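Participant: Before anything else, here's the structure in question.
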Amino acid sequence: MARLPDDDVYVVTKYRGGREGAFFPVQPAAGQSRLRQVGDDTYLATWHRAPAAVHWHHWRLAARPGFVVPIDDFRSLIPTVRHPHDGRELVITHAPSVADIPEPHPLPEFAAWDVTREGAVPFDLAVEPRAYGLGQLIGHWPLETLQTRAVLVVGVGSIGGAVADSLAGYGLGRLDLLDPDRLLWHNTVRHVLGDGEVGRFKTDALKDMLKARWPELDVRSHVKNVVRDAAEVRPLLKEVDAVVCAADGIASRRVVSHLARRAGRDAVLTSVLEDGAFGEVLRLRRAPDEGCLLCRRAPLYGSGGMDPERALERGYGDGDPHRPMTAVGPDLRLMGSLAAKVTIASVLQRHGYNEQRLPGEQAIIALRPQPGFQAPFDLRRAGEVQWHPATPPLPGCVTCSHP
Ligand SMILES: [Zn+2]
């Protein structure tokens, strides 16, 4: 039974029956719902206002299969029900007074009955609730705060698509998606979008997917390249609370690091490194003691360590014959979810939710760890997460020294 919110009316939309348990559509008729059974038999369903006691029967009998409310008892409680004589009638009862009955016996507001001359037998009725989806989280999660906040996602490939999907699930109000590319067949093995969207711009297809799932979300598609169209990204950054960069390529990450710092916005960079061995989520905050991307990477290079950005020019399905980039979809979605978590934590902490403080500013996750890597990539076991603090700006850094 679905609810039409404009009229606050409930309508039976389909029922399940027959040996196969298949769903059948309901043909509505004036004043009643006509349920078409398999074959030529047609059953009528009628609606009745009922006292709460009827639903108490329903609640009790549902746990005792085979028990029947005798027809005379049933009709004494609901005089508007016709005696079915030799026929059969499906009865739907509405008992608004059940709300007055306190727990621990929460009774259904609506109930359904198969009524024959022997009596009434309850059957399952699935009713669309008045509040579902994100509305269920009100009071349990800071939805009111998040619904007025916005995040820009740069790069909506395999990781970025998962970032956007997760941000929507957290109840964010507005999502800006920026990516210049179209979805191709080889993307779909890792992407949240499927084969049906191949050929479309990723931002457009993702916008449609998210709007279908989360109708209240404000999603905006920007078919742009963050490097080439940096001049247009600058004003966009002023409209959002934070930016996530999940784009391929060193240049994109550097541009996001620079523009976000200049705009005074938190940036979260996420990627999979070393051919799928490790994932990283790096948070860049505009703080005097926390450096930009280049400043944060400098200590690694200075100690003779690896260059974790080296392989980022390649897609996650590429690689070279010796070290194929073998990241799989769920590993990329794990990184996308963690990046969304870090981003939401940043937004909430800025609005006073101190329990959203993070253990550090850089998270390394072992996906398919391999020995021989230096810190902070010296994780040994799959699923291990290590958090590290930020390192300070380098003297003279163009990005960090901006007043
Ligand atoms: Zn810097």
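Quick note on naming: the chains in the structure tokens go A, B, ... in the order shown, residues restart at 1 in each chain, and ligands are numbered from 1 in order of appearance.
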Taking only C-alpha atoms and all ligand atoms into account, which residues have an atom no farther than 7 Å from ligand 1? I'd like them as a VMD selection string.

Facilitator: chain A and resid 291 to 295 393 to 394 397 to 400

Participant: So which residues touch range 167-174 of chain A within 6 Å, counting only C-alpha atoms, skipping near sequence neighbours fewer than 6 positions away, as a list in words?

Facilitator: Leu143, Leu146, Gln147, Thr148, Arg149, Ala150, Leu217, Asp218, Val219 and Ala340 of chain A

Participant: Point out the residue among A:Asp204, A:Asp289, A:Asp275, A:Asp331 with the least atom-to-atom distance to Gln370 in chain A, counting only C-alpha atoms.

Facilitator: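 Using only C-alpha atoms, the shortest distance to Gln370 in chain A belongs to A:Asp275.
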
Participant: Identify, with DSSP run on backbone atoms, the residues in range 90-312 of chain A assigned to alpha helix (DSSP H), and express the list as number ranges by chain.

Facilitator: A: 143-146, 158-169, 202-213, 230-239, 250-263, 293-302

Participant: Would you kindly return, as a list of chain:residue names, each protein, DNA or RNA residue with an atom no farther than 9 Å from any atom of Arg182 in chain A, considering only C-alpha atoms and excluding same-chain residues fewer than 3 positions away?

Facilitator: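 Non-adjacent residues within range: A:Asp179, A:Val198, A:Gly199, A:Arg200, A:Phe201, A:Lys202, A:Thr203.
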
Participant: Could you save those same residues with N, CA and C atoms as a PDB file, in the first residue's frame?

Facilitator:
```pdb
ATOM      1  N   ASP A 179      33.810  16.651 -13.410  1.00  0.00           N
ATOM      2  CA  ASP A 179      34.615  15.655 -14.135  1.00  0.00           C
ATOM      3  C   ASP A 179      34.390  15.896 -15.626  1.00  0.00           C
ATOM      4  N   VAL A 198      26.880   3.875 -20.076  1.00  0.00           N
ATOM      5  CA  VAL A 198      28.071   4.039 -20.918  1.00  0.00           C
ATOM      6  C   VAL A 198      27.798   5.070 -22.004  1.00  0.00           C
ATOM      7  N   GLY A 199      28.743   5.989 -22.190  1.00  0.00           N
ATOM      8  CA  GLY A 199      28.611   7.024 -23.202  1.00  0.00           C
ATOM      9  C   GLY A 199      28.176   8.351 -22.633  1.00  0.00           C
ATOM     10  N   ARG A 200      27.569   8.352 -21.452  1.00  0.00           N
ATOM     11  CA  ARG A 200      27.129   9.621 -20.850  1.00  0.00           C
ATOM     12  C   ARG A 200      28.285  10.263 -20.077  1.00  0.00           C
ATOM     13  N   PHE A 201      28.195  11.571 -19.886  1.00  0.00           N
ATOM     14  CA  PHE A 201      29.152  12.201 -18.981  1.00  0.00           C
ATOM     15  C   PHE A 201      28.930  11.618 -17.584  1.00  0.00           C
ATOM     16  N   LYS A 202      30.028  11.305 -16.913  1.00  0.00           N
ATOM     17  CA  LYS A 202      29.921  10.663 -15.595  1.00  0.00           C
ATOM     18  C   LYS A 202      29.137  11.529 -14.616  1.00  0.00           C
ATOM     19  N   THR A 203      29.360  12.846 -14.673  1.00  0.00           N
ATOM     20  CA  THR A 203      28.681  13.725 -13.710  1.00  0.00           C
ATOM     21  C   THR A 203      27.171  13.729 -13.953  1.00  0.00           C
TER      22      THR A 203
END
```

Participant: Rank nothing, just name the residue among A:Gly352, A:Pro392, A:Gly194, A:Pro65 nearest to Pro288 in chain A, using only C-alpha atoms.

Facilitator: A:Pro392

Participant: Quick check, in Å to one decimal: how far apart do CA of Pro215 in chain A and CA of Val328 in chain A lie?

Facilitator: 29.7 Å

Participant: Could you give me the residues within range 154-365 of chain A that DSSP places in strand (DSSP E), as a ChimeraX atom specification?

Facilitator: /A:154,174-178,218-222,242-245,266-273,278-284,362-365

Participant: Any idea what's packed within 12 Å of Ala246 in chain A, counting only C-alpha atoms, ignoring anything in its chain fewer than 2 positions away? Could you give it as a ChimeraX atom specification?

Facilitator: /A:152-164,177-179,226,243-244,248-254,256-257,267-272,279-282,312,315-316,332-333,335-340

Participant: So, with only C-alpha atoms as the atoms that count, which of A:Ile344, A:Arg296, A:Ser401, A:Ile138 lies closest to Pro389 in chain A?

Facilitator: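 Distance minimum relative to Pro389 in chain A lands on A:Arg296.
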